[in-house]
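Enquirer: Questions regarding the structure given below will be posed in turn.
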Amino acid sequence: MQNPGLARPKLVVGIVVDQMRWDYLYRYYNRYGKDGFRRLMGEGFSCDNTLINYLPSFTAVGHTCVFTGSVPALSGISGNEWIEQLSGKMVYCTDDSTVSTVGADNASGKMSPRNLLVSTVTDELRMATNFQSKVVGVSLKDRASILPAGHAANAAFWLDDATGNFVTSTYYMQQLPAWVDAYNKTRPIEQLIKNGWTTLYPIDTYKNSDEDDQSYEGKYSGETRSVFPHAVGESYKKSKGVFRSTPFGNTLTLDFARQAVEGYRLGSGPATDFLTINCASTDYVGHMFGPNSIEVEDTYLRLDQDLGKLFIYLDSKLGKGQYTVFLTADHGAAHAIGYMQKHEIPADFWDSRPLVDSLNRILAAKYGAEKLIRSGLNYQLNFDLGKIDALKLDLGEIKKISIAWLERQPGINYAVDVAKIGEAPVPEPLKSMIINGYNYKRSGAVQIVLAAGWFEGYGKTGTTHGTWNPYDTHIPLLFMGWGIKAGHTNADVHMTDIAPTVAALLHIQMPNGAVGKPIREVMEAAGR
């Protein structure tokens with residue numbers, strides 16, 4: 001039982017809905033049921049102007065920021081992947097060659113949080129309770145399970161596409177718990193996709209979306225048109241990864257999360273426990289079809305039902321008001337380029353690769369050295385610092401030449417030498433976002449800022465994210481349950497404020513790299 005001398009919830013559930021734009025709360029509001037998003041908005045506290053305050057707005061960075069209150073400059077998680085600036089090595093955010101997969105005979109579990117340089121609020125809870133608190137992370141994505149759960153987690157689980165199993169790594173344990181083995185043996189994916197994907201409601205009721213079958217929407221393997229019904233079972237036979245790009249990935253994740261509550265008896269121990277959940281299929285569906293598709297609308301209507309089931313389960317398991325939930329997103333998403341162009345709104349695709357090739361030719365002609373720029377990864381120029389040093393070239397001059405050329409190219413508003421950002425004519429909040437996102441050892445030395453509506457893409461369908469614009473950086477943030485009173489605020493709040501707010505609610509130290517602050521309006525509503 002809980003320590004009677006200090007009031008805390010039995011369980012904290014941190015839900016990050018991947019690629020959820022803030023406006024989805026209201027775009028589909030009239031179609032949501034009473035138990036999911038509308039319950040969060042009605043019973044909970046909503047921070048309606050929550051913004052990401054760093055670049056780039058990618059998945060791993062967002063999940064890290066939510067649970068650390070930190071930014072890439074300090075956390076070290078500067079992208080889903082990055083180039084180590086001193087060695088040129090490409091690094092995936094959670095790669096760890098020293099550990100092995102648990103639950104599958106492949107490399108999908110060679111992952112850990114060791115690339116994360118700061119603590120999480122989940123780490124701080126574990127330490128504050130002398131490790132009596134239990135922490136578990138759940139997602140389809142390895143990075144979205146591992147990074148939120150932190151360094152000291154009891155467990156983190158993610159999906160291995162090849163086997164259809166939830167797996168983990170030897171960083172956490174040497175074998176899967178019996179309940180995970182039992183769950184995997186039920187082959188839940190096959191049950192979820194056996195009837196394909198049809199709309200939850202009659203398709204002519206989806207008035208918040210484009211008509212079906214737009215040229216800028218993607219197709220599943222084997223499809224000739226992007227239309228309902230989608231025979232995802234047939235596509236799954238060709239490519240196991242297809243499952244992620246269906247709404248059933250969220251159903252699977254939230255069902256597994258309930259199993260984790262049971263398996264670890266979360267919320268029933270001597271101290272507050274913490275469950276981190278990432279609903280990742282919203283991201284995969286969004287990437288494939290774009291925000292204005294019927295597929296995205298249907299995914300959110302189904303997610304609404306799945307969230308409602310989770311909350312009803314927690315009510316019955318722990319008691320209503322005995323747990324605290326917060327729901328946010330790791331980033332948003334741009335409208336599909338084709339959609340924007342159809343409606344005469346400026347937008348276009350951008351590709352860093354030909355620009356880097358052109359710049360390398362210009363620099364080679366001047367300096368007689370090939371490939372001084374390694375890549376344009378993460379909207380940054382990543383220079384070969386070792387080669388530049390060995391040849392005794394002037395890096396400052398190379399950056400100046402590169403910036404002058406880049407700023408003359410279509411779709412680029414700014415190219416900024418981050419070392420001299422104080423001299424750059426870049427307005428706020430962009431300047432601070434660039435500074436917050438720059439990690440000398442893991443970020444490129446020149447930050448590229450595209451025109452609104454432009455993003456890096458290598459195809460002509462779907463959408464992505466990663467830029468500074470509100471469509472990528474304005475995210476939902478709702479708190480509900482223990483310690484929370486209903487209300488909302490339109491005051492500016494930053495993603496970095498989430499972890500400090502949770503820490504304040506729990507009366508624990510904020511994470512050691514946090515640069516945010518507790519959200520005053522939430523604390524006032526909670527009576528803190």
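Chain identifiers are assigned as A, B, and so on, following the order in which chains appear in the structure tokens; residues are numbered from 1 within each chain, and ligands are numbered from 1 in order of appearance.
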Among segment 191-220 of chain A, which residues carry a DSSP assignment of helix (DSSP H, G or I), reported as a list of chain:residue names?
Expert: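 Selecting the helix (DSSP H, G or I) positions of segment 191-220 of chain A gives A:Gln191, A:Leu192, A:Ile193, A:Ile203, A:Asp204, A:Thr205.
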Enquirer: Write the selection just made, keeping N, CA, C and O atoms, as a short mmCIF file (atom, residue, chain, number, x, y, z; two decimals), in the first residue's frame?
Expert:
```cif
data_model
loop_
_atom_site.label_atom_id
_atom_site.label_comp_id
_atom_site.auth_asym_id
_atom_site.auth_seq_id
_atom_site.Cartn_x
_atom_site.Cartn_y
_atom_site.Cartn_z
N GLN A 191 -5.12 -11.99 -35.61
CA GLN A 191 -6.53 -11.80 -35.27
C GLN A 191 -6.99 -10.39 -35.62
O GLN A 191 -8.12 -10.20 -36.09
N LEU A 192 -6.13 -9.41 -35.44
CA LEU A 192 -6.52 -8.03 -35.67
C LEU A 192 -6.70 -7.70 -37.15
O LEU A 192 -7.53 -6.85 -37.49
N ILE A 193 -5.92 -8.34 -38.02
CA ILE A 193 -5.97 -7.96 -39.44
C ILE A 193 -6.73 -8.95 -40.31
O ILE A 193 -6.85 -8.74 -41.52
N ILE A 203 -18.54 5.22 -44.89
CA ILE A 203 -17.47 6.09 -45.41
C ILE A 203 -17.98 7.47 -45.79
O ILE A 203 -17.23 8.45 -45.75
N ASP A 204 -19.27 7.60 -46.13
CA ASP A 204 -19.79 8.90 -46.52
C ASP A 204 -20.00 9.84 -45.32
O ASP A 204 -20.37 10.99 -45.49
N THR A 205 -19.72 9.35 -44.11
CA THR A 205 -19.84 10.21 -42.92
C THR A 205 -18.51 10.87 -42.55
O THR A 205 -18.47 11.66 -41.61
#
```
Enquirer: For segment 233-241 of chain A, work out the shell of residues within 9 Å, counting only C-alpha atoms and skipping chain neighbours fewer than 3 positions away, then give it as a JSON list (two decimals) with C-alpha atoms, in the first residue's frame.
Expert:
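Below is the file that was written, selection_2.json:
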```
[["chain", "number", "residue", "atom", "x", "y", "z"],
["A", 161, "ASP", "CA", 8.11, -7.31, -37.22],
["A", 162, "ALA", "CA", 9.71, -10.57, -38.34],
["A", 163, "THR", "CA", 8.12, -12.67, -35.60],
["A", 164, "GLY", "CA", 5.15, -10.52, -34.61],
["A", 190, "GLU", "CA", -3.26, -12.22, -37.15],
["A", 193, "ILE", "CA", -5.97, -7.96, -39.44],
["A", 194, "LYS", "CA", -7.87, -11.05, -40.54],
["A", 195, "ASN", "CA", -10.88, -9.01, -41.73],
["A", 196, "GLY", "CA", -8.83, -6.26, -43.39],
["A", 197, "TRP", "CA", -9.36, -2.57, -42.72],
["A", 220, "TYR", "CA", -0.10, -0.75, -49.34],
["A", 221, "SER", "CA", 1.95, -3.43, -51.03],
["A", 222, "GLY", "CA", -0.17, -5.05, -53.73],
["A", 223, "GLU", "CA", -2.72, -2.23, -53.96],
["A", 230, "HIS", "CA", -7.72, -2.17, -47.49],
["A", 244, "ARG", "CA", 2.37, -0.79, -38.21],
["A", 245, "SER", "CA", 0.62, 1.36, -40.83]]
```
Enquirer: Could I get the residues of segment 53-162 of chain A with an atom no further than 9 Å from an atom of segment 280-285 of chain A, each paired with its nearest atom pair and that distance in Å to one decimal, using only C-alpha atoms, sorted by chain and residue number, as JSON lines?
Expert:
```
{"residue": "A:Ser139", "atom": "CA", "partner": "A:Ala280", "partner_atom": "CA", "distance": 6.8}
{"residue": "A:Leu140", "atom": "CA", "partner": "A:Ala280", "partner_atom": "CA", "distance": 6.2}
{"residue": "A:Lys141", "atom": "CA", "partner": "A:Ala280", "partner_atom": "CA", "distance": 6.9}
{"residue": "A:Ala144", "atom": "CA", "partner": "A:Ala280", "partner_atom": "CA", "distance": 8.2}
```
Enquirer: Which residue out of A:Gly269, A:Gly36, A:Gly42, A:Pro291 has the minimum interatomic distance to Lys485 of chain A when only C-alpha atoms are used?
Expert: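 Counting only C-alpha atoms, the residue closest to Lys485 of chain A is A:Gly42.
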Enquirer: List the neighbours of Tyr414 of chain A out to 8 Å using only C-alpha atoms; skip same-chain residues closer than 4 positions along the sequence, and give me the result as a PyMOL selection string.
Expert: chain A and resi 407+426+447-450
Enquirer: List as a list in words the protein and nucleic acid residues near segment 133-135 of chain A, meaning an atom at most 6 Å away when only C-alpha atoms are counted, but skip any in the same chain fewer than 5 places from it.
Expert: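 So, after excluding close chain neighbours, the residues are Arg126, Ala153, Asn154, Ala271, Thr272, Asp273, Phe274 and Leu275 of chain A.
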Enquirer: For Leu6 of chain A, find every residue with an atom within 12 Å (counting only C-alpha atoms), except residues of its own chain fewer than 5 positions away, and show them as a PyMOL selection string.
Expert: chain A and resi 1+129+270-272+505-508
Enquirer: Restricting it to C-alpha atoms, dump the selection as an mmCIF file, in the first residue's frame.
Expert:
```cif
data_model
loop_
_atom_site.group_PDB
_atom_site.id
_atom_site.type_symbol
_atom_site.label_atom_id
_atom_site.label_comp_id
_atom_site.auth_asym_id
_atom_site.auth_seq_id
_atom_site.Cartn_x
_atom_site.Cartn_y
_atom_site.Cartn_z
ATOM 1 C CA MET A 1 0.000 0.000 0.000
ATOM 2 C CA THR A 129 11.333 5.672 -3.921
ATOM 3 C CA PRO A 270 4.251 0.195 -1.980
ATOM 4 C CA ALA A 271 5.120 3.151 -4.253
ATOM 5 C CA THR A 272 3.833 4.937 -7.341
ATOM 6 C CA LEU A 505 2.911 16.427 -8.922
ATOM 7 C CA LEU A 506 4.866 13.463 -7.519
ATOM 8 C CA HIS A 507 7.041 15.573 -5.166
ATOM 9 C CA ILE A 508 10.259 14.255 -6.701
#
```
Enquirer: Residues at most 10 Å from segment 398-406 of chain A, counting only C-alpha atoms, excluding those fewer than 6 positions away in the same chain, as a VMD selection string?
Expert: chain A and resid 355 to 356 358 to 360 362 to 363 366 to 367 372 to 373 381 383 388 412 to 417 445 to 448
Enquirer: For the residues in the current selection, export N, CA, C and O atoms as an mmCIF file, in the first residue's frame.
Expert:
```cif
data_model
loop_
_atom_site.group_PDB
_atom_site.id
_atom_site.type_symbol
_atom_site.label_atom_id
_atom_site.label_comp_id
_atom_site.auth_asym_id
_atom_site.auth_seq_id
_atom_site.Cartn_x
_atom_site.Cartn_y
_atom_site.Cartn_z
ATOM 1 N N LEU A 355 21.669 18.758 -53.251
ATOM 2 C CA LEU A 355 22.303 19.988 -52.784
ATOM 3 C C LEU A 355 23.664 19.705 -52.184
ATOM 4 O O LEU A 355 24.638 20.446 -52.433
ATOM 5 N N VAL A 356 23.766 18.640 -51.405
ATOM 6 C CA VAL A 356 25.059 18.264 -50.833
ATOM 7 C C VAL A 356 26.039 17.891 -51.941
ATOM 8 O O VAL A 356 27.224 18.290 -51.905
ATOM 9 N N SER A 358 26.056 19.016 -55.023
ATOM 10 C CA SER A 358 26.462 20.249 -55.708
ATOM 11 C C SER A 358 27.456 21.041 -54.871
ATOM 12 O O SER A 358 28.459 21.559 -55.382
ATOM 13 N N LEU A 359 27.172 21.131 -53.576
ATOM 14 C CA LEU A 359 28.085 21.865 -52.697
ATOM 15 C C LEU A 359 29.453 21.208 -52.626
ATOM 16 O O LEU A 359 30.497 21.888 -52.633
ATOM 17 N N ASN A 360 29.470 19.888 -52.566
ATOM 18 C CA ASN A 360 30.758 19.188 -52.539
ATOM 19 C C ASN A 360 31.568 19.440 -53.796
ATOM 20 O O ASN A 360 32.796 19.555 -53.739
ATOM 21 N N ILE A 362 31.406 22.212 -55.605
ATOM 22 C CA ILE A 362 31.887 23.596 -55.484
ATOM 23 C C ILE A 362 33.101 23.673 -54.556
ATOM 24 O O ILE A 362 34.114 24.317 -54.865
ATOM 25 N N LEU A 363 32.999 22.978 -53.420
ATOM 26 C CA LEU A 363 34.104 22.995 -52.460
ATOM 27 C C LEU A 363 35.329 22.253 -52.989
ATOM 28 O O LEU A 363 36.476 22.669 -52.741
ATOM 29 N N LYS A 366 37.320 24.435 -55.241
ATOM 30 C CA LYS A 366 38.073 25.483 -54.552
ATOM 31 C C LYS A 366 39.234 24.925 -53.738
ATOM 32 O O LYS A 366 40.332 25.485 -53.728
ATOM 33 N N TYR A 367 39.016 23.767 -53.082
ATOM 34 C CA TYR A 367 40.005 23.264 -52.130
ATOM 35 C C TYR A 367 40.736 22.007 -52.608
ATOM 36 O O TYR A 367 41.690 21.569 -51.959
ATOM 37 N N LEU A 372 33.737 17.091 -48.653
ATOM 38 C CA LEU A 372 33.965 17.763 -47.378
ATOM 39 C C LEU A 372 32.686 17.787 -46.527
ATOM 40 O O LEU A 372 32.748 17.999 -45.319
ATOM 41 N N ILE A 373 31.542 17.596 -47.174
ATOM 42 C CA ILE A 373 30.263 17.500 -46.465
ATOM 43 C C ILE A 373 29.807 16.048 -46.504
ATOM 44 O O ILE A 373 29.730 15.445 -47.577
ATOM 45 N N LEU A 381 23.950 20.528 -42.239
ATOM 46 C CA LEU A 381 25.152 20.134 -42.968
ATOM 47 C C LEU A 381 26.123 19.490 -41.987
ATOM 48 O O LEU A 381 26.523 20.109 -40.993
ATOM 49 N N PHE A 383 29.733 18.142 -41.690
ATOM 50 C CA PHE A 383 31.030 18.244 -42.360
ATOM 51 C C PHE A 383 31.965 17.115 -41.924
ATOM 52 O O PHE A 383 31.840 16.577 -40.818
ATOM 53 N N ILE A 388 38.843 17.920 -42.898
ATOM 54 C CA ILE A 388 39.102 19.361 -42.911
ATOM 55 C C ILE A 388 40.294 19.708 -42.018
ATOM 56 O O ILE A 388 41.161 20.514 -42.385
ATOM 57 N N ILE A 412 14.651 27.393 -49.255
ATOM 58 C CA ILE A 412 15.459 27.594 -48.044
ATOM 59 C C ILE A 412 15.302 29.034 -47.563
ATOM 60 O O ILE A 412 15.631 29.975 -48.270
ATOM 61 N N ASN A 413 14.785 29.184 -46.356
ATOM 62 C CA ASN A 413 14.693 30.518 -45.748
ATOM 63 C C ASN A 413 16.015 30.949 -45.133
ATOM 64 O O ASN A 413 16.442 32.095 -45.280
ATOM 65 N N TYR A 414 16.637 30.025 -44.385
ATOM 66 C CA TYR A 414 17.893 30.340 -43.715
ATOM 67 C C TYR A 414 18.819 29.132 -43.752
ATOM 68 O O TYR A 414 18.380 27.984 -43.720
ATOM 69 N N ALA A 415 20.100 29.415 -43.817
ATOM 70 C CA ALA A 415 21.139 28.439 -43.501
ATOM 71 C C ALA A 415 22.015 29.129 -42.463
ATOM 72 O O ALA A 415 22.538 30.229 -42.702
ATOM 73 N N VAL A 416 22.152 28.502 -41.298
ATOM 74 C CA VAL A 416 22.727 29.202 -40.144
ATOM 75 C C VAL A 416 23.956 28.464 -39.629
ATOM 76 O O VAL A 416 23.906 27.261 -39.350
ATOM 77 N N ASP A 417 25.052 29.188 -39.497
ATOM 78 C CA ASP A 417 26.225 28.686 -38.791
ATOM 79 C C ASP A 417 25.894 28.751 -37.305
ATOM 80 O O ASP A 417 25.844 29.845 -36.718
ATOM 81 N N ALA A 445 26.942 21.311 -38.247
ATOM 82 C CA ALA A 445 27.343 22.664 -37.854
ATOM 83 C C ALA A 445 26.515 23.761 -38.509
ATOM 84 O O ALA A 445 26.518 24.906 -38.051
ATOM 85 N N VAL A 446 25.809 23.439 -39.586
ATOM 86 C CA VAL A 446 24.958 24.416 -40.265
ATOM 87 C C VAL A 446 23.527 23.912 -40.249
ATOM 88 O O VAL A 446 23.240 22.797 -40.712
ATOM 89 N N GLN A 447 22.618 24.701 -39.694
ATOM 90 C CA GLN A 447 21.200 24.350 -39.629
ATOM 91 C C GLN A 447 20.475 24.970 -40.824
ATOM 92 O O GLN A 447 20.615 26.166 -41.098
ATOM 93 N N ILE A 448 19.690 24.155 -41.507
ATOM 94 C CA ILE A 448 18.911 24.616 -42.653
ATOM 95 C C ILE A 448 17.454 24.765 -42.228
ATOM 96 O O ILE A 448 16.870 23.853 -41.646
#
```
Enquirer: Mind listing the strand (DSSP E) residues of segment 410-487 of chain A, per DSSP on the backbone, as a count of residues only?
Expert: 22
Enquirer: Excluding same-chain residues fewer than 3 positions from Leu116 of chain A, what lies within 7 Å of it counting only C-alpha atoms, as a list in words?
Expert: Ser75, Gly76, Ile77 and Pro113 of chain A
Enquirer: For the residues in that selection, give me all heavy atoms as a short mmCIF file (atom, residue, chain, number, x, y, z; two decimals), in the first residue's frame.
Expert:
```cif
data_model
loop_
_atom_site.label_atom_id
_atom_site.label_comp_id
_atom_site.auth_asym_id
_atom_site.auth_seq_id
_atom_site.Cartn_x
_atom_site.Cartn_y
_atom_site.Cartn_z
N SER A 75 20.57 16.46 -23.88
CA SER A 75 20.20 15.04 -23.80
C SER A 75 21.03 14.17 -24.72
O SER A 75 21.17 12.97 -24.50
CB SER A 75 18.71 14.86 -24.14
OG SER A 75 18.48 15.02 -25.54
N GLY A 76 21.57 14.76 -25.79
CA GLY A 76 22.34 14.00 -26.76
C GLY A 76 21.50 13.30 -27.80
O GLY A 76 22.04 12.80 -28.80
N ILE A 77 20.20 13.23 -27.62
CA ILE A 77 19.32 12.59 -28.61
C ILE A 77 18.94 13.67 -29.61
O ILE A 77 17.95 14.38 -29.46
CB ILE A 77 18.09 11.95 -27.95
CG1 ILE A 77 18.53 10.95 -26.88
CG2 ILE A 77 17.24 11.24 -29.01
CD1 ILE A 77 19.40 9.80 -27.37
N PRO A 113 19.01 2.36 -23.62
CA PRO A 113 18.98 3.83 -23.50
C PRO A 113 20.36 4.46 -23.30
O PRO A 113 20.45 5.63 -22.93
CB PRO A 113 18.11 4.04 -22.26
CG PRO A 113 18.39 2.86 -21.40
CD PRO A 113 18.62 1.71 -22.36
#
```
